[in-house]
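Here is the structure we will look at.
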Amino acid sequence: MAFTSRTIVRQNSFTRASRPWALLRNHAHSDRTLPVKSLPKPQKPFLDAYDAKIVEKDWYEWWESQGFFTASSADYYPPSGKENPFTMITPPPNVTGSLHIGHALTVSVEDAVARWRRMSGYDVRWIPGTDHAGIGTQSVVEKMLMRDRGLSRHDLGRKEFVDEVWAWRQKYGDRILHQMRRMGASVDWDNLFFTMDKPRYEAVENAFIRLYKDGMIYRDTRLVNWCCELETVISDIEASLIIVDYKDIDGRTLLQLPGRTKGVEFGVLHHFSYPIHNPDPNGIKEITVATTRIETMLGDCAVAIHPNDTRYTSLHGKQIYHPILKKTLPIVCDESLVEMEFGTGVVKVTPAHDPNDYACAKRHGLPITSMFDKLGKLNPSCGIPSLGNDRFEARDIVVDMLKASGHYKGRDDKHVMRVAICSRSGDVIEPLLQPQWYIRCKEMADMARKQVESGEMNIMPKHHVQEWYRWLDSIQDWCISRQLWWGHEIPAYKIRLNTIDKKGKTHFTEFWVVGSTETEARQEAIALLAKEGLETENFDLVKDDDVLDTWFSSGLLPLSALGWKGRIGEPIPARYPLQLMETGYDILFFWVARMAMLASHFTKKPAFEDIYLHAMVRDGQGRKMSKSLGNVIDPLHVIEGVDLETMKNNLLVSNLAPKEITTSSLNLEKEYPTGIPACGTDSLRFALVAYTQQTRQINLEMSNVIQTAHFCNKLWNLFKFGLGRLGPADGRPMSQLSPAGLSLVNRYILSRMAETVRQCQTGFESYRLFDATDALRRFIVEDVCDVYVEFSKAALNRPKHGEDQVETLDTRTILHACMDVSLRLAHPFMPFVTEELWQHLKHNIPPKEQALQSPTLMLEQYPTPNQFECFYDSEVENHFKVVLSIIHASRSLRQGHQISVAKELPFTILCDNPDLMDPKGPLYQYLDEIKGFIKASELNLVSSDVCEREI
């Protein structure tokens with residue numbers, strides 16, 4: 001069979017002197033390019049047996065060197081392709097390590113879509129990139145420095161530490177790109193980005209400045225989630241879903257926290273009392289409260305009771321006396337904070353160290369005083385002599401002081417609680433009052449909601465739409481500043497204006513301005529001060545030390561990945577919006593929603609046409625892939641194979657603590673007792689895509705990947721059978737075939753082919769790629785290999801004369817079509833084995849038609865339903881199933897009686913279905929063919945009614 005190629009290839013149009021790809025090479029945030037030598041097409045002999053390692057060798061390097069992945073400028077794209085752009089970006093993996101099996105799923109799905117679109121005539125630009133991962137990368141490099149050189153970042157200083165991070169990124173960051181190539185990702189390497197490279201840096205700075213001037217960014221002091229070990233804020237959404245792990249504590253437990261030789265006690269509820277200030281003679285003298293963080297009572301500003309609690313009606317408007325701070329505190333009535341039935345019905349209010357207490361203090365206008373500094377140590381506001389003590393060390397100090405004053409009431413060692421642990425540092429998250437930069441989100445969230453409601457932006461699967469609405473409807477302003485050294489520096493400057501009053505006392509008045517350089521910021525400062533009627537000469541500018549949240553820079557990628565610099569008046573990139581955003585559902589809010597909001601703010605258009613969310617990959621036991629569990633799988637280990645000892649040795653060079661290494665090693669021994677066998681890229685990709693029918697959670701069983709390797713072998717054996725029986729004339733166009741003149745089995749396989757093409761096309765169009773993989777596997781294994789190959793042997797082996805010669809020619813043409821169509825349908829999922837087989841198959845078509853075909857399968861036409869609809873015949877399929885059942889029954893009879901299938905025997909078919917006995921039904925219509933199939937010397941049809949009457 002020969003498709004009408006969608007491309008007429010000009011001579012030498014695929015030969016390029018070089019093909020560059022962008023790689024960041026220095027600290028100046030600039031891209032350098034390295035040439036890719038134009039390579040000759042791999043020429044390999046057809047192997048007797050499928051070997052993934054040999055089959056997958058060299059093809060990727062050849063594809064890349066020929067520029068087949070590059071959009072727009074490629075000579076081979078037809079005019080129609082340029083009118084149908086398809087643009088997509090990879091979710092940029094963090095440069096903190098290597099890709100894991102979850103990333104492999106993303107690559108497999110996105111590359112399948114990209115290759116399908118490319119084969120469907122679209123001008124595809126799939127843009128790759130990596131993310132600088134502020135918290136993650138800084139944490140990894142800090143641990144490395146301490147482990148290898150015994151140095152902290154403070155020992156080096158900021159500039160030297162940032163240089164160390166760049167050096168680390170240069171050394172390890174490109175491993176991800178190697179893995180993507182090994183996975184067969186047909187990305188446009190010419191447009192490779194890194195979120196800290198020069199174009200992206202410029203876009204981030206300009207975007208911040210524009211948002212600030214638009215009134216969308218502001219500075220405020222609020223209670224935030226703080227990691228004392230990393231010395232940075234962690235946003236609420238990160239604290240709830242991604243960076244913070246929640247550990248359940250069931251009674252007194254000692255947790256080992258970083259920087260401490262002794263475990264810290266959790267799961268203990270302390271009880272202590274506050275005496276009532278000026279109590280009534282016959283009234284309540286004290287009230288008791290309970291807390292797991294008794295040290296925070298140094299920051300108490302009140303106690304709260306429920307306004308309807310009759311036990312404490314007499315205390316309304318009263319005060320308590322703080323036995324350590326020696327001052328009075330108010331008793332407030334707050335029905336939102338207090339549950340009357342819980343404990344004593346009295347709650348201590350510590351607004352600087354608890355979000356619920358913070359809200360209570362805001363409601364009642366209470367003072368909010370922090371007692372800890374950024375390192376988690378007691379600050380001057382704590383009110384006791386133990387200034388500088390760690391927050392957990394202060395616990396025993398406070399208990400001792402309360403015991404001495406007679407106000408400690410005991411402890412409960414069986415308290416159940418949850419502790420928030422920073423996954424990057426292992427430290428306990430501390431609520432802390434800090435000034436930060438925020439983005440107003442309500443207006444942008446409303447826009448993102450309306451875009452989905454109106455259908456301008458589609459989310460698949462559909463059940464995620466309601467999650468999208470719920471999150472956007474309850475959105476809070478986004479804290480975008482981080483107290484890190486690695487990241488995009490915030491282009492904001494504090495104006496410190498020194499003014500002296502009439503008494504000669506100096507006052508410091510602070511304002512903020514923005515600018516990409518200090519010169520720009522100074523001009524802004526002068527204009528602002530003049531507007532405020534203040535002195536414009538005597539002021540200092542102090543650059544903000546903070547960096548931006550990593551999600552802010554990646555949130556701009558729908559624009560910045562296309563080259564957008566964020567300048568005022570700059571046109572929207574021609575390829576905006578992206579046609580598809582594909583990623584795991586777990587970062588729908590971290591990243592996808594923020595991209596939708598930020599990009600829409602600057603363009604007033606949706607960021608994407610379609611959003612497709614896949615499930616999360618877990619191990620075979622349903623556990624989350626986690627380095628601490630030792631169950632994170634490197635896709636290269638699945639592709640190339642790995643023994644257990646190597647997997648365990650890799651843990652030794654990781655950043656895991658010794659105890660975690662031991663646990664992870666035990667998990668590996670249990671999960672992979674003999675390691676992982678080499679399965680090849682195609683097998684891994686196909687298996688992962690087939691798993692996407694699970695929309696929330698994918699429990700990866702390695703046995704399924706191994707079974708897919710058997711599927712690749714099945715496809716290889718099909719070609720081993722077919723290539724030995726086909727000649728150059730067998731690739732004739734299918735338009736020369738007339739279904740009416742074909743045998744039943746030929747009509748059947750063509751109908752199955754037509755239905756498979758329809759299911760594959762529909763699967764891609766609806767983002768149900770698993771439907772396509774399922775249909776494809778069934779067609780190749782069950783319909784072609786198990787049925788058609790067996791039936792075709794008789795036609796291919798019989799002498800060629802008369803009608804037999806016509807049937808043989810038809811069979812050879814259809815067998816060629818089965819092989820060709822199978823490769824085209826499978827290529828998006830299994831690019832290597834299909835390319836290898838297609839190159840061998842090309843030799844079986846006439847030279848003139850070879851010249852019209854593309855040099856690579858990835859640029860050939862993807863089969864479309866309208867090309868095959870004339871062959872679909874449900875009646876033929878039903879009839880053939882009846883015939884097939886008779887054949888199977890005859891073989892069972894022969895096997896039961898140990899009679900050779902070659903020996904002719906008389907058969908009688910007993911049928912109890914009147915429709916089948918109809919003269920136009922399949923039994924009479926294909927009687928001669930059935931006779932030949934079952935090697936019958938004579939064949940009779942008998943109705944069950946006739947049989948019963950004779951009995």
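Going through the structure tokens in order, the chains are called A, B, and so on, while each chain numbers its residues from 1 and the ligands are numbered from 1 in the order shown.
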Can you check which residues of region 78-279 of chain A DSSP gives as strand (DSSP E) on the backbone and send them as a ChimeraX atom specification?
/A:85-89,123-127,129-130,193-194,217-227,232-234,244-250,253-255,264-266,269-277
If you keep N, CA and C atoms, can you produce a file of those selected residues as a short mmCIF file (atom, residue, chain, number, x, y, z; two decimals), in the first residue's frame?
data_model
loop_
_atom_site.label_atom_id
_atom_site.label_comp_id
_atom_site.auth_asym_id
_atom_site.auth_seq_id
_atom_site.Cartn_x
_atom_site.Cartn_y
_atom_site.Cartn_z
N PRO A 85 -0.47 26.04 12.98
CA PRO A 85 0.57 25.90 14.00
C PRO A 85 0.05 25.12 15.20
N PHE A 86 0.93 24.34 15.78
CA PHE A 86 0.63 23.65 17.03
C PHE A 86 1.81 23.90 17.96
N THR A 87 1.55 24.59 19.05
CA THR A 87 2.61 24.99 19.97
C THR A 87 2.32 24.45 21.36
N MET A 88 3.35 23.92 21.99
CA MET A 88 3.23 23.31 23.30
C MET A 88 4.58 23.47 24.00
N ILE A 89 4.56 23.61 25.32
CA ILE A 89 5.80 23.64 26.08
C ILE A 89 5.83 22.47 27.05
N ASP A 123 2.26 22.48 11.80
CA ASP A 123 3.58 23.06 12.00
C ASP A 123 3.84 23.04 13.50
N VAL A 124 4.52 22.00 13.97
CA VAL A 124 4.65 21.72 15.40
C VAL A 124 5.89 22.39 15.98
N ARG A 125 5.67 23.11 17.06
CA ARG A 125 6.80 23.61 17.86
C ARG A 125 6.54 23.19 19.31
N TRP A 126 7.31 22.22 19.72
CA TRP A 126 7.22 21.72 21.10
C TRP A 126 8.48 22.20 21.81
N ILE A 127 8.30 23.13 22.73
CA ILE A 127 9.42 23.86 23.32
C ILE A 127 9.85 23.23 24.64
N GLY A 129 12.35 22.92 28.14
CA GLY A 129 13.00 23.83 29.09
C GLY A 129 13.20 23.18 30.44
N THR A 130 13.97 23.82 31.27
CA THR A 130 14.17 23.38 32.65
C THR A 130 13.95 24.55 33.60
N PHE A 193 14.78 26.58 26.68
CA PHE A 193 14.88 27.66 27.65
C PHE A 193 15.27 27.13 29.02
N PHE A 194 15.82 28.02 29.81
CA PHE A 194 16.05 27.79 31.24
C PHE A 194 15.46 29.00 31.94
N ILE A 217 0.72 44.33 42.28
CA ILE A 217 1.69 43.85 43.28
C ILE A 217 1.80 44.87 44.40
N TYR A 218 1.80 44.38 45.62
CA TYR A 218 1.92 45.27 46.78
C TYR A 218 2.71 44.56 47.87
N ARG A 219 3.09 45.31 48.89
CA ARG A 219 3.88 44.77 50.00
C ARG A 219 3.05 44.86 51.27
N ASP A 220 3.08 43.77 52.07
CA ASP A 220 2.30 43.77 53.30
C ASP A 220 2.96 42.84 54.31
N THR A 221 2.73 43.11 55.59
CA THR A 221 3.22 42.25 56.66
C THR A 221 2.09 41.36 57.14
N ARG A 222 2.29 40.05 56.97
CA ARG A 222 1.25 39.08 57.32
C ARG A 222 1.89 37.84 57.95
N LEU A 223 1.03 37.00 58.48
CA LEU A 223 1.49 35.73 59.01
C LEU A 223 1.75 34.78 57.84
N VAL A 224 2.95 34.22 57.79
CA VAL A 224 3.32 33.34 56.69
C VAL A 224 3.84 32.02 57.24
N ASN A 225 3.94 31.03 56.35
CA ASN A 225 4.57 29.76 56.70
C ASN A 225 6.07 29.91 56.51
N TRP A 226 6.83 29.67 57.57
CA TRP A 226 8.25 29.97 57.54
C TRP A 226 9.07 28.72 57.84
N CYS A 227 10.12 28.50 57.04
CA CYS A 227 11.08 27.43 57.33
C CYS A 227 12.32 28.07 57.93
N THR A 232 13.24 31.01 54.78
CA THR A 232 12.39 31.56 53.73
C THR A 232 10.94 31.25 54.01
N VAL A 233 10.09 32.05 53.39
CA VAL A 233 8.65 31.83 53.45
C VAL A 233 8.28 30.71 52.48
N ILE A 234 7.22 29.99 52.79
CA ILE A 234 6.64 29.00 51.90
C ILE A 234 5.16 29.35 51.77
N VAL A 244 5.49 20.91 51.75
CA VAL A 244 5.36 20.51 53.15
C VAL A 244 4.74 19.12 53.24
N ASP A 245 5.37 18.27 54.03
CA ASP A 245 4.82 16.95 54.33
C ASP A 245 4.19 17.00 55.72
N TYR A 246 3.07 16.33 55.87
CA TYR A 246 2.38 16.33 57.17
C TYR A 246 2.54 14.97 57.83
N LYS A 247 3.14 15.02 59.00
CA LYS A 247 3.42 13.78 59.74
C LYS A 247 2.40 13.63 60.86
N ASP A 248 1.70 12.51 60.86
CA ASP A 248 0.71 12.23 61.91
C ASP A 248 1.42 11.71 63.15
N ILE A 249 1.10 12.32 64.29
CA ILE A 249 1.71 11.96 65.57
C ILE A 249 0.63 11.37 66.47
N ASP A 250 0.89 10.18 66.97
CA ASP A 250 -0.07 9.51 67.84
C ASP A 250 0.54 9.37 69.24
N THR A 253 6.06 11.68 70.85
CA THR A 253 6.99 11.22 69.82
C THR A 253 8.17 12.19 69.75
N LEU A 254 9.37 11.64 69.62
CA LEU A 254 10.56 12.47 69.45
C LEU A 254 10.92 12.50 67.97
N LEU A 255 10.93 13.70 67.38
CA LEU A 255 11.31 13.86 65.98
C LEU A 255 12.72 14.44 65.90
N VAL A 264 13.07 16.23 69.25
CA VAL A 264 12.14 17.23 69.77
C VAL A 264 10.80 16.56 70.04
N GLU A 265 10.22 16.90 71.17
CA GLU A 265 9.01 16.23 71.65
C GLU A 265 7.76 16.80 70.99
N PHE A 266 6.93 15.88 70.46
CA PHE A 266 5.63 16.25 69.91
C PHE A 266 4.59 15.25 70.42
N LEU A 269 0.26 17.43 75.13
CA LEU A 269 -0.61 18.58 75.37
C LEU A 269 -0.33 19.11 76.78
N HIS A 270 0.14 20.36 76.84
CA HIS A 270 0.46 20.99 78.13
C HIS A 270 -0.74 21.82 78.61
N HIS A 271 -0.98 21.75 79.92
CA HIS A 271 -2.06 22.52 80.53
C HIS A 271 -1.45 23.54 81.49
N PHE A 272 -1.92 24.77 81.38
CA PHE A 272 -1.49 25.78 82.35
C PHE A 272 -2.63 26.79 82.54
N SER A 273 -2.51 27.57 83.60
CA SER A 273 -3.62 28.47 83.93
C SER A 273 -3.19 29.93 83.90
N TYR A 274 -4.17 30.79 83.60
CA TYR A 274 -4.00 32.23 83.71
C TYR A 274 -4.88 32.72 84.86
N PRO A 275 -4.32 33.40 85.85
CA PRO A 275 -5.17 33.95 86.91
C PRO A 275 -5.99 35.12 86.38
N ILE A 276 -7.21 35.24 86.92
CA ILE A 276 -8.07 36.36 86.54
C ILE A 276 -7.57 37.61 87.25
N HIS A 277 -7.45 38.70 86.49
CA HIS A 277 -7.01 39.97 87.08
C HIS A 277 -8.20 40.60 87.80
#
Spatial neighbours of Ile526 (chain A), max dist 9 Å, only C-alpha atoms, sep filter under 3 positions, as number ranges by chain:
A: 521-523, 529-531, 535-537
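Summary of the local environment: counting only C-alpha atoms, residues at most 9 Å from region 884-890 of chain A, other than itself and those fewer than 2 positions away along its chain, are Val787, His879, Phe880, Lys881, Val882, Ser892, Leu893, Arg894, Gln895, Phe907, Ile909, Ile930, Phe933 and Ile934 of chain A.
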Expected file: the selected residues, C-alpha atoms, as a PDB file, in the first residue's frame:
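Okay, this is what ended up in part_27.pdb:
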ATOM      1  CA  VAL A 787      -5.898 -13.935  12.450  1.00  0.00           C
ATOM      2  CA  HIS A 879     -19.982 -12.782   9.621  1.00  0.00           C
ATOM      3  CA  PHE A 880     -16.278 -13.425   9.971  1.00  0.00           C
ATOM      4  CA  LYS A 881     -16.615 -13.881  13.730  1.00  0.00           C
ATOM      5  CA  VAL A 882     -19.108 -16.677  13.019  1.00  0.00           C
ATOM      6  CA  SER A 892     -10.750 -28.240  18.997  1.00  0.00           C
ATOM      7  CA  LEU A 893     -12.381 -31.392  17.596  1.00  0.00           C
ATOM      8  CA  ARG A 894      -9.197 -32.369  15.788  1.00  0.00           C
ATOM      9  CA  GLN A 895      -7.076 -31.776  18.881  1.00  0.00           C
ATOM     10  CA  PHE A 907     -17.883 -31.913   8.843  1.00  0.00           C
ATOM     11  CA  ILE A 909     -22.390 -27.732  11.246  1.00  0.00           C
ATOM     12  CA  ILE A 930     -15.254 -22.274   5.461  1.00  0.00           C
ATOM     13  CA  PHE A 933     -10.398 -23.054   6.144  1.00  0.00           C
ATOM     14  CA  ILE A 934     -11.247 -26.224   8.108  1.00  0.00           C
TER      15      ILE A 934
END
Within 9 Å of Cys870 (chain A), counting only C-alpha atoms, which residues show up once you throw out same-chain ones fewer than 6 positions away? Write them as an NGL selection string, please.
:A and (739 or 751 or 754)
Selection near Ile397 (chain A), 12 Å with only C-alpha atoms, sequence-local residues under 6 positions removed, as JSON, numbers by chain:
{"A": [294, 295, 296, 297, 298, 324, 378, 384, 385, 386, 387, 389, 390, 391, 403, 404]}
Take the residues from that selection and write them out as a CSV table (one decimal), in the first residue's frame, keeping C-alpha atoms.
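Heads up, here's the output in part_39.csv:
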chain,number,residue,atom,x,y,z
A,294,ILE,CA,3.6,26.0,75.4
A,295,GLU,CA,6.6,28.2,74.5
A,296,THR,CA,4.3,30.3,72.4
A,297,MET,CA,2.5,31.6,75.5
A,298,LEU,CA,5.2,34.2,75.6
A,324,ILE,CA,5.7,35.3,83.2
A,378,LEU,CA,13.6,34.0,71.0
A,384,ILE,CA,12.2,36.7,79.4
A,385,PRO,CA,16.0,36.6,79.9
A,386,SER,CA,16.5,33.6,77.7
A,387,LEU,CA,17.0,35.7,74.6
A,389,ASN,CA,17.4,30.3,72.8
A,390,ASP,CA,15.9,28.1,70.1
A,391,ARG,CA,12.1,27.9,70.0
A,403,LYS,CA,5.9,25.3,87.6
A,404,ALA,CA,7.7,27.8,89.8
For a test of reading the model, state the distance in Å between CA of Leu636 (chain A) and CA of Val107 (chain A), rounded to one decimal.
13.1 Å
Please report, as an NGL selection string, each residue of region 452-680 of chain A to which DSSP assigns helix (DSSP H, G or I) when run on this structure's backbone.
:A and (452-453 or 464-473 or 518-531 or 550-555 or 557-560 or 585-603 or 627-629 or 635-640 or 644-652 or 658-671)
